[in-house]
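**Q** my_file10.cif is reproduced in full below (mmCIF, C-alpha atoms, pLDDT in the B column; chains and numbers go by the auth columns).
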data_entry
loop_
_atom_site.group_PDB
_atom_site.id
_atom_site.type_symbol
_atom_site.label_atom_id
_atom_site.label_comp_id
_atom_site.label_asym_id
_atom_site.label_seq_id
_atom_site.Cartn_x
_atom_site.Cartn_y
_atom_site.Cartn_z
_atom_site.B_iso_or_equiv
_atom_site.auth_seq_id
_atom_site.auth_asym_id
ATOM 1 C CA MET A 1 3.629 -17.159 7.730 56.00 1082 A
ATOM 2 C CA LYS A 2 1.082 -14.336 7.397 54.00 1083 A
ATOM 3 C CA LYS A 3 1.331 -14.592 3.598 53.00 1084 A
ATOM 4 C CA TYR A 4 0.746 -18.342 3.859 50.00 1085 A
ATOM 5 C CA LEU A 5 -2.381 -17.850 5.968 52.00 1086 A
ATOM 6 C CA LEU A 6 -3.627 -15.205 3.506 55.00 1087 A
ATOM 7 C CA ILE A 7 -3.258 -17.684 0.645 52.00 1088 A
ATOM 8 C CA LEU A 8 -5.221 -20.287 2.617 51.00 1089 A
ATOM 9 C CA PHE A 9 -7.916 -17.700 3.342 54.00 1090 A
ATOM 10 C CA PHE A 10 -8.451 -16.962 -0.351 50.00 1091 A
ATOM 11 C CA ILE A 11 -8.469 -20.679 -1.099 52.00 1092 A
ATOM 12 C CA GLY A 12 -11.245 -20.978 1.477 51.00 1093 A
ATOM 13 C CA ILE A 13 -13.249 -18.254 -0.267 51.00 1094 A
ATOM 14 C CA ALA A 14 -12.908 -20.176 -3.526 50.00 1095 A
ATOM 15 C CA PHE A 15 -14.074 -23.434 -1.943 48.00 1096 A
ATOM 16 C CA ASN A 16 -16.926 -21.622 -0.251 49.00 1097 A
ATOM 17 C CA GLY A 17 -18.549 -21.376 -3.671 48.00 1098 A
ATOM 18 C CA PHE A 18 -19.300 -25.096 -3.505 52.00 1099 A
ATOM 19 C CA SER A 19 -22.809 -25.919 -2.318 57.00 1100 A
ATOM 20 C CA GLN A 20 -21.463 -28.969 -0.462 74.00 1101 A
ATOM 21 C CA PHE A 21 -20.001 -28.573 3.023 81.00 1102 A
ATOM 22 C CA GLU A 22 -19.619 -30.612 6.192 89.00 1103 A
ATOM 23 C CA VAL A 23 -19.721 -29.798 9.886 93.00 1104 A
ATOM 24 C CA LYS A 24 -17.313 -31.946 11.903 95.00 1105 A
ATOM 25 C CA ALA A 25 -16.842 -32.546 15.642 97.00 1106 A
ATOM 26 C CA PHE A 26 -14.197 -34.680 17.331 97.00 1107 A
ATOM 27 C CA LEU A 27 -12.355 -35.784 20.462 97.00 1108 A
ATOM 28 C CA GLY A 28 -8.778 -36.945 20.460 96.00 1109 A
ATOM 29 C CA LEU A 29 -5.476 -37.741 22.118 96.00 1110 A
ATOM 30 C CA ASN A 30 -2.076 -36.142 21.646 94.00 1111 A
ATOM 31 C CA GLY A 31 1.523 -36.677 22.622 92.00 1112 A
ATOM 32 C CA ALA A 32 3.792 -33.627 22.800 89.00 1113 A
ATOM 33 C CA SER A 33 7.574 -33.400 22.530 84.00 1114 A
ATOM 34 C CA TYR A 34 10.116 -30.590 22.121 85.00 1115 A
ATOM 35 C CA SER A 35 12.828 -29.819 19.617 83.00 1116 A
ATOM 36 C CA GLY A 36 15.779 -27.696 20.684 72.00 1117 A
ATOM 37 C CA LEU A 37 16.942 -29.647 23.736 71.00 1118 A
ATOM 38 C CA THR A 38 20.673 -29.370 24.391 71.00 1119 A
ATOM 39 C CA GLU A 39 23.147 -31.869 25.809 70.00 1120 A
ATOM 40 C CA GLY A 40 22.165 -32.914 29.324 68.00 1121 A
ATOM 41 C CA GLU A 41 18.490 -32.026 28.816 72.00 1122 A
ATOM 42 C CA SER A 42 15.832 -34.740 28.418 73.00 1123 A
ATOM 43 C CA GLN A 43 12.099 -35.298 28.031 76.00 1124 A
ATOM 44 C CA ASN A 44 9.366 -37.931 28.285 77.00 1125 A
ATOM 45 C CA ALA A 45 6.169 -37.322 26.340 76.00 1126 A
ATOM 46 C CA GLY A 46 2.897 -37.593 28.227 82.00 1127 A
ATOM 47 C CA LEU A 47 -0.672 -38.143 27.070 88.00 1128 A
ATOM 48 C CA GLY A 48 -2.843 -35.115 26.338 92.00 1129 A
ATOM 49 C CA PHE A 49 -6.442 -34.537 25.282 95.00 1130 A
ATOM 50 C CA GLN A 50 -8.235 -32.343 22.765 96.00 1131 A
ATOM 51 C CA GLY A 51 -11.626 -31.674 21.269 97.00 1132 A
ATOM 52 C CA GLY A 52 -12.961 -29.380 18.621 96.00 1133 A
ATOM 53 C CA ALA A 53 -14.995 -28.697 15.534 96.00 1134 A
ATOM 54 C CA ALA A 54 -14.397 -27.743 11.906 96.00 1135 A
ATOM 55 C CA ILE A 55 -16.209 -26.887 8.690 94.00 1136 A
ATOM 56 C CA LEU A 56 -15.111 -28.576 5.468 92.00 1137 A
ATOM 57 C CA PHE A 57 -15.825 -26.869 2.130 91.00 1138 A
ATOM 58 C CA GLY A 58 -15.407 -28.689 -1.181 86.00 1139 A
ATOM 59 C CA THR A 59 -15.357 -32.209 -2.567 82.00 1140 A
ATOM 60 C CA THR A 60 -12.225 -33.731 -4.111 86.00 1141 A
ATOM 61 C CA TRP A 61 -10.141 -30.734 -3.056 90.00 1142 A
ATOM 62 C CA TYR A 62 -11.330 -29.060 0.108 90.00 1143 A
ATOM 63 C CA PHE A 63 -10.599 -26.290 2.599 93.00 1144 A
ATOM 64 C CA GLU A 64 -11.129 -26.840 6.329 94.00 1145 A
ATOM 65 C CA PRO A 65 -10.891 -24.185 9.067 96.00 1146 A
ATOM 66 C CA GLY A 66 -11.474 -25.315 12.640 96.00 1147 A
ATOM 67 C CA ILE A 67 -10.967 -24.678 16.327 96.00 1148 A
ATOM 68 C CA VAL A 68 -9.413 -27.066 18.869 96.00 1149 A
ATOM 69 C CA TRP A 69 -9.255 -26.908 22.677 97.00 1150 A
ATOM 70 C CA TYR A 70 -6.337 -28.908 24.061 95.00 1151 A
ATOM 71 C CA THR A 71 -4.077 -29.761 26.963 94.00 1152 A
ATOM 72 C CA ASN A 72 -0.822 -31.700 26.860 91.00 1153 A
ATOM 73 C CA GLY A 73 2.014 -32.605 29.200 85.00 1154 A
ATOM 74 C CA THR A 74 5.692 -33.488 28.872 84.00 1155 A
ATOM 75 C CA ASP A 75 8.187 -34.343 31.610 79.00 1156 A
ATOM 76 C CA LEU A 76 11.123 -32.001 31.051 74.00 1157 A
ATOM 77 C CA ASN A 77 14.639 -31.688 32.420 73.00 1158 A
ATOM 78 C CA ILE A 78 15.935 -28.407 31.015 66.00 1159 A
ATOM 79 C CA LEU A 79 18.816 -26.045 31.687 61.00 1160 A
ATOM 80 C CA ALA A 80 17.893 -22.524 32.812 59.00 1161 A
ATOM 81 C CA ASP A 81 20.951 -21.354 34.822 54.00 1162 A
ATOM 82 C CA SER A 82 20.667 -24.815 36.456 52.00 1163 A
ATOM 83 C CA ILE A 83 18.800 -28.018 35.616 57.00 1164 A
ATOM 84 C CA ILE A 84 15.093 -27.786 36.468 67.00 1165 A
ATOM 85 C CA SER A 85 12.718 -30.717 36.231 73.00 1166 A
ATOM 86 C CA GLY A 86 8.953 -31.119 36.160 73.00 1167 A
ATOM 87 C CA GLU A 87 5.888 -31.874 34.097 81.00 1168 A
ATOM 88 C CA ASN A 88 5.330 -29.107 31.568 82.00 1169 A
ATOM 89 C CA ILE A 89 1.545 -28.819 31.030 89.00 1170 A
ATOM 90 C CA ILE A 90 0.236 -26.487 28.318 90.00 1171 A
ATOM 91 C CA SER A 91 -3.430 -25.593 27.790 94.00 1172 A
ATOM 92 C CA GLY A 92 -5.047 -23.406 25.160 95.00 1173 A
ATOM 93 C CA PHE A 93 -6.810 -23.473 21.833 95.00 1174 A
ATOM 94 C CA LYS A 94 -5.695 -23.805 18.227 95.00 1175 A
ATOM 95 C CA VAL A 95 -7.049 -22.542 14.923 96.00 1176 A
ATOM 96 C CA PRO A 96 -5.993 -24.913 12.112 95.00 1177 A
ATOM 97 C CA LEU A 97 -6.452 -23.874 8.470 96.00 1178 A
ATOM 98 C CA MET A 98 -6.146 -26.981 6.309 96.00 1179 A
ATOM 99 C CA VAL A 99 -6.213 -27.801 2.608 95.00 1180 A
ATOM 100 C CA GLY A 100 -6.933 -31.433 1.737 94.00 1181 A
ATOM 101 C CA TYR A 101 -7.428 -33.929 -1.054 93.00 1182 A
ATOM 102 C CA ARG A 102 -10.139 -36.611 -0.988 89.00 1183 A
ATOM 103 C CA PHE A 103 -9.081 -39.593 -3.119 89.00 1184 A
ATOM 104 C CA PHE A 104 -12.540 -40.918 -3.957 81.00 1185 A
ATOM 105 C CA GLY A 105 -14.160 -37.590 -4.752 66.00 1186 A
ATOM 106 C CA ARG A 106 -17.741 -37.763 -3.537 60.00 1187 A
ATOM 107 C CA THR A 107 -18.326 -36.903 0.120 57.00 1188 A
ATOM 108 C CA GLU A 108 -21.273 -39.320 0.371 62.00 1189 A
ATOM 109 C CA ASN A 109 -19.152 -42.382 -0.456 66.00 1190 A
ATOM 110 C CA LEU A 110 -19.242 -44.984 2.312 80.00 1191 A
ATOM 111 C CA LEU A 111 -15.430 -45.053 2.463 89.00 1192 A
ATOM 112 C CA ASN A 112 -12.938 -42.299 1.660 91.00 1193 A
ATOM 113 C CA LEU A 113 -9.278 -41.510 2.235 94.00 1194 A
ATOM 114 C CA ARG A 114 -7.957 -37.977 2.672 93.00 1195 A
ATOM 115 C CA LEU A 115 -4.603 -36.220 2.915 96.00 1196 A
ATOM 116 C CA PHE A 116 -4.342 -32.731 4.406 97.00 1197 A
ATOM 117 C CA VAL A 117 -1.742 -30.046 5.092 97.00 1198 A
ATOM 118 C CA GLY A 118 -1.869 -26.528 6.487 96.00 1199 A
ATOM 119 C CA ALA A 119 -0.927 -24.095 9.230 95.00 1200 A
ATOM 120 C CA THR A 120 -2.088 -23.829 12.841 95.00 1201 A
ATOM 121 C CA ALA A 121 -2.187 -20.769 15.083 95.00 1202 A
ATOM 122 C CA ASN A 122 -1.707 -21.982 18.657 94.00 1203 A
ATOM 123 C CA PHE A 123 -3.046 -19.636 21.374 95.00 1204 A
ATOM 124 C CA VAL A 124 -1.570 -20.641 24.734 93.00 1205 A
ATOM 125 C CA SER A 125 -3.738 -19.754 27.731 92.00 1206 A
ATOM 126 C CA LYS A 126 -1.825 -21.442 30.586 91.00 1207 A
ATOM 127 C CA ILE A 127 1.477 -23.213 31.246 88.00 1208 A
ATOM 128 C CA LYS A 128 2.287 -25.101 34.444 88.00 1209 A
ATOM 129 C CA PHE A 129 5.756 -26.385 35.239 82.00 1210 A
ATOM 130 C CA GLY A 130 5.379 -28.887 38.028 81.00 1211 A
ATOM 131 C CA ASP A 131 2.985 -27.318 40.551 81.00 1212 A
ATOM 132 C CA ILE A 132 3.790 -23.746 39.492 84.00 1213 A
ATOM 133 C CA GLU A 133 1.684 -21.794 36.995 88.00 1214 A
ATOM 134 C CA LEU A 134 4.050 -19.643 34.959 85.00 1215 A
ATOM 135 C CA ASN A 135 3.643 -15.927 34.475 87.00 1216 A
ATOM 136 C CA LYS A 136 2.476 -15.110 30.937 88.00 1217 A
ATOM 137 C CA ASP A 137 5.582 -12.995 30.368 87.00 1218 A
ATOM 138 C CA LEU A 138 7.626 -16.228 30.398 86.00 1219 A
ATOM 139 C CA TYR A 139 5.994 -17.747 27.308 88.00 1220 A
ATOM 140 C CA ASN A 140 4.680 -16.699 23.927 89.00 1221 A
ATOM 141 C CA SER A 141 0.888 -16.605 23.887 89.00 1222 A
ATOM 142 C CA VAL A 142 0.751 -17.328 20.122 92.00 1223 A
ATOM 143 C CA ASN A 143 2.794 -20.048 18.424 92.00 1224 A
ATOM 144 C CA TRP A 144 2.756 -21.289 14.829 95.00 1225 A
ATOM 145 C CA ASP A 145 2.757 -24.903 13.668 94.00 1226 A
ATOM 146 C CA ALA A 146 2.903 -26.703 10.337 96.00 1227 A
ATOM 147 C CA ASN A 147 0.186 -29.364 10.282 96.00 1228 A
ATOM 148 C CA PHE A 148 -0.199 -32.448 8.080 95.00 1229 A
ATOM 149 C CA GLY A 149 -1.861 -35.844 8.246 97.00 1230 A
ATOM 150 C CA VAL A 150 -4.254 -38.424 6.861 97.00 1231 A
ATOM 151 C CA GLY A 151 -7.975 -39.009 7.391 95.00 1232 A
ATOM 152 C CA LEU A 152 -10.238 -42.022 6.912 95.00 1233 A
ATOM 153 C CA ASP A 153 -13.986 -41.425 6.448 93.00 1234 A
ATOM 154 C CA ILE A 154 -16.347 -44.339 7.149 92.00 1235 A
ATOM 155 C CA TRP A 155 -19.994 -43.325 6.599 88.00 1236 A
ATOM 156 C CA PHE A 156 -20.619 -40.434 9.037 90.00 1237 A
ATOM 157 C CA LEU A 157 -17.582 -41.270 11.223 94.00 1238 A
ATOM 158 C CA TYR A 158 -13.948 -40.399 10.618 95.00 1239 A
ATOM 159 C CA LEU A 159 -10.482 -40.985 12.049 97.00 1240 A
ATOM 160 C CA GLU A 160 -7.570 -38.596 11.590 97.00 1241 A
ATOM 161 C CA LEU A 161 -3.887 -39.060 12.373 97.00 1242 A
ATOM 162 C CA GLY A 162 -1.681 -35.994 12.158 96.00 1243 A
ATOM 163 C CA TYR A 163 1.501 -34.262 13.204 96.00 1244 A
ATOM 164 C CA GLU A 164 2.098 -30.654 14.207 95.00 1245 A
ATOM 165 C CA LEU A 165 5.630 -29.363 13.676 95.00 1246 A
ATOM 166 C CA GLY A 166 6.430 -26.405 15.908 93.00 1247 A
ATOM 167 C CA LEU A 167 7.697 -23.319 14.085 93.00 1248 A
ATOM 168 C CA SER A 168 7.799 -20.876 17.044 91.00 1249 A
ATOM 169 C CA ASP A 169 9.556 -20.933 20.402 90.00 1250 A
ATOM 170 C CA VAL A 170 7.213 -21.704 23.290 88.00 1251 A
ATOM 171 C CA TYR A 171 9.174 -19.663 25.842 85.00 1252 A
ATOM 172 C CA THR A 172 10.605 -16.168 25.846 86.00 1253 A
ATOM 173 C CA GLY A 173 14.111 -15.403 27.026 77.00 1254 A
ATOM 174 C CA ASN A 174 16.995 -17.836 26.620 75.00 1255 A
ATOM 175 C CA ILE A 175 14.939 -21.080 26.525 75.00 1256 A
ATOM 176 C CA SER A 176 14.638 -22.029 22.866 81.00 1257 A
ATOM 177 C CA LEU A 177 12.124 -24.889 22.663 84.00 1258 A
ATOM 178 C CA LYS A 178 9.595 -25.633 19.925 89.00 1259 A
ATOM 179 C CA GLN A 179 6.718 -27.985 20.684 90.00 1260 A
ATOM 180 C CA ASN A 180 5.721 -30.781 18.313 93.00 1261 A
ATOM 181 C CA ALA A 181 2.661 -32.993 18.703 93.00 1262 A
ATOM 182 C CA LEU A 182 1.404 -36.282 17.309 95.00 1263 A
ATOM 183 C CA TYR A 183 -2.391 -36.543 17.502 96.00 1264 A
ATOM 184 C CA ALA A 184 -5.330 -38.825 16.722 97.00 1265 A
ATOM 185 C CA ASN A 185 -8.932 -37.617 16.425 97.00 1266 A
ATOM 186 C CA LEU A 186 -12.151 -39.625 16.267 97.00 1267 A
ATOM 187 C CA GLY A 187 -15.282 -37.768 15.244 96.00 1268 A
ATOM 188 C CA PHE A 188 -18.474 -37.538 13.245 95.00 1269 A
ATOM 189 C CA ARG A 189 -19.492 -35.374 10.298 92.00 1270 A
ATOM 190 C CA ILE A 190 -22.791 -34.008 9.032 90.00 1271 A
ATOM 191 C CA ARG A 191 -23.154 -33.101 5.349 84.00 1272 A
ATOM 192 C CA PHE A 192 -25.183 -30.144 4.113 80.00 1273 A
ATOM 193 C CA GLY A 193 -26.113 -28.846 0.697 70.00 1274 A
ATOM 194 C CA ASN A 194 -26.523 -30.520 -2.684 60.00 1275 A
ATOM 195 C CA LYS A 195 -24.793 -33.725 -3.655 53.00 1276 A
ATOM 196 C CA SER A 196 -21.114 -33.185 -4.279 43.00 1277 A
ATOM 197 C CA ARG A 197 -19.688 -32.517 -7.682 45.00 1278 A
ATOM 198 C CA GLY A 198 -16.592 -34.618 -7.124 44.00 1279 A
ATOM 199 C CA ARG A 199 -14.937 -36.617 -9.866 46.00 1280 A
ATOM 200 C CA SER A 200 -16.441 -40.000 -8.850 43.00 1281 A
ATOM 201 C CA LYS A 201 -19.969 -40.658 -10.123 42.00 1282 A
ATOM 202 C CA LYS A 202 -20.302 -44.291 -9.091 40.00 1283 A
#
Can the structure from this file be put into C-alpha cells for me?

**A**
Amino acid sequence: MKKYLLILFFIGIAFNGFSQFEVKAFLGLNGASYSGLTEGESQNAGLGFQGGAAILFGTTWYFEPGIVWYTNGTDLNILADSIISGENIISGFKVPLMVGYRFFGRTENLLNLRLFVGATANFVSKIKFGDIELNKDLYNSVNWDANFGVGLDIWFLYLELGYELGLSDVYTGNISLKQNALYANLGFRIRFGNKSRGRSKK
C-alpha cells in the first residue's frame, strides 16, 4: 500500500506541472457496511454525513488529493464471546489520493463526465458502540480503503458517486471486520490558472 501511495504522489508531482487546477468543496451522504461477518451476525446500514475539500491538478488526466471529515453508523449484531448489539458509530477524517480521467478534456466545458480511482487513508478519531465510547486500544486508528467512482461536472457544480472498499480491519483483537462505504457528494469547484490544454478544443 505504501508503494501504491508513493506512485500516486509522484503522479501528483507530474500533474502539478499543469497551469490548470481546481479547488473543490463538497457535502455528502454515506452508507457504511461491514465485510467479515460470520454466521449468526447481522447488520443494517445507517445514514452518515461527510464534508471536505480537494485540489484537482490536470485536464484530461488528473490527480486529486483531498481531505474529508465524516461520521457514519451501522446497526451491528456481532459475536465477541457472546452476541453484542448496538449502533456502531465511527467518526474521523480521510485523506483520499485519486487519479481520474475526464472524458471531454477541457475543464471549462459546461458538461463533463469523469471516472476516478485511488487509495484512501482513513484516520479514525472516535468509535461508539451503542452509548459506550470505545477505548482507542480496541480499534485501529488508521485504516486503508480502495476508492473508485464517477463524477458529473455541470458548470461550476459537480456530483460524485463512489465506493470505498475496506482493506484493513477496523478493530484489534479477534474481531475481523472491514468497513465499506457507498457515498454521494454534491459540491462546487473553482478553476485557477490558464485555460486547460485538454484534448477537446471545441

**Q** Hey, which of A:Asn1216, A:Asn1193, A:Asn1158, A:Asn1261 ends up closest to Asp1234 (chain A)? Count all atoms listed in the file.

**A**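 Closest candidate: A:Asn1193.
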
**Q** Starting from the displayed file, determine the output of the PyMOL selection byres ((chain A and resi 1225) around 9) and express the residue list as a list in words.

**A**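 Expected selection for the PyMOL selection byres ((chain A and resi 1225) around 9) here is Met1082, Ala1200, Thr1201, Ala1202, Asn1203, Phe1204, Val1223, Asn1224, Asp1226, Ala1227, Leu1246, Gly1247, Leu1248, Ser1249 and Asp1250 of chain A.
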
**Q** What gap, in Å, lies between CA of Ile1171 (chain A) and CA of Gly1199 (chain A)?

**A**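 Computing the Euclidean distance for CA of Ile1171 (chain A) and CA of Gly1199 (chain A) yields 21.9 Å.
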
**Q** Calculated over all atoms listed in the file, which of the candidates A:Ser1166, A:Phe1185, A:Leu1128, A:Gly1173 has the smallest distance to Thr1140 (chain A)?

**A** A:Phe1185

**Q** Taking only C-alpha atoms into account, name the residue in A:Phe1210, A:Phe1102, A:Phe1107, A:Tyr1239 that is nearest to Asn1153 (chain A).

**A** A:Phe1210

**Q** Can you tell me how far CA of Ala1126 (chain A) sits from CA of Arg1195 (chain A), in Å to one decimal?

**A** 27.6 Å

**Q** Specify as number ranges by chain each residue included when the PyMOL selection byres ((chain A and resi 1218) around 12) is applied to this file.

**A** A: 1205-1208, 1214-1217, 1219-1222, 1251-1254

**Q** Find the residues around Trp1236 (chain A) up to 7 Å (only C-alpha atoms counted), leave out those fewer than 2 positions away in its own chain, and share them as a list in words.

**A**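 Counting only C-alpha atoms, the residues come to Leu1191, Leu1192, Asp1234 and Leu1238 of chain A.
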
**Q** List the spatial neighbours of Glu1145 (chain A) as a PyMOL selection string - criterion: any atom at most 7 Å away, all atoms listed in the file, same-chain residues fewer than 2 positions off excluded.

**A** chain A and resi 1135-1138+1143+1147+1178-1180

**Q** Hey, can you check how far CA of Arg1183 (chain A) sits from CA of Gly1112 (chain A)?

**A**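 Those two atoms sit 26.3 Å apart.
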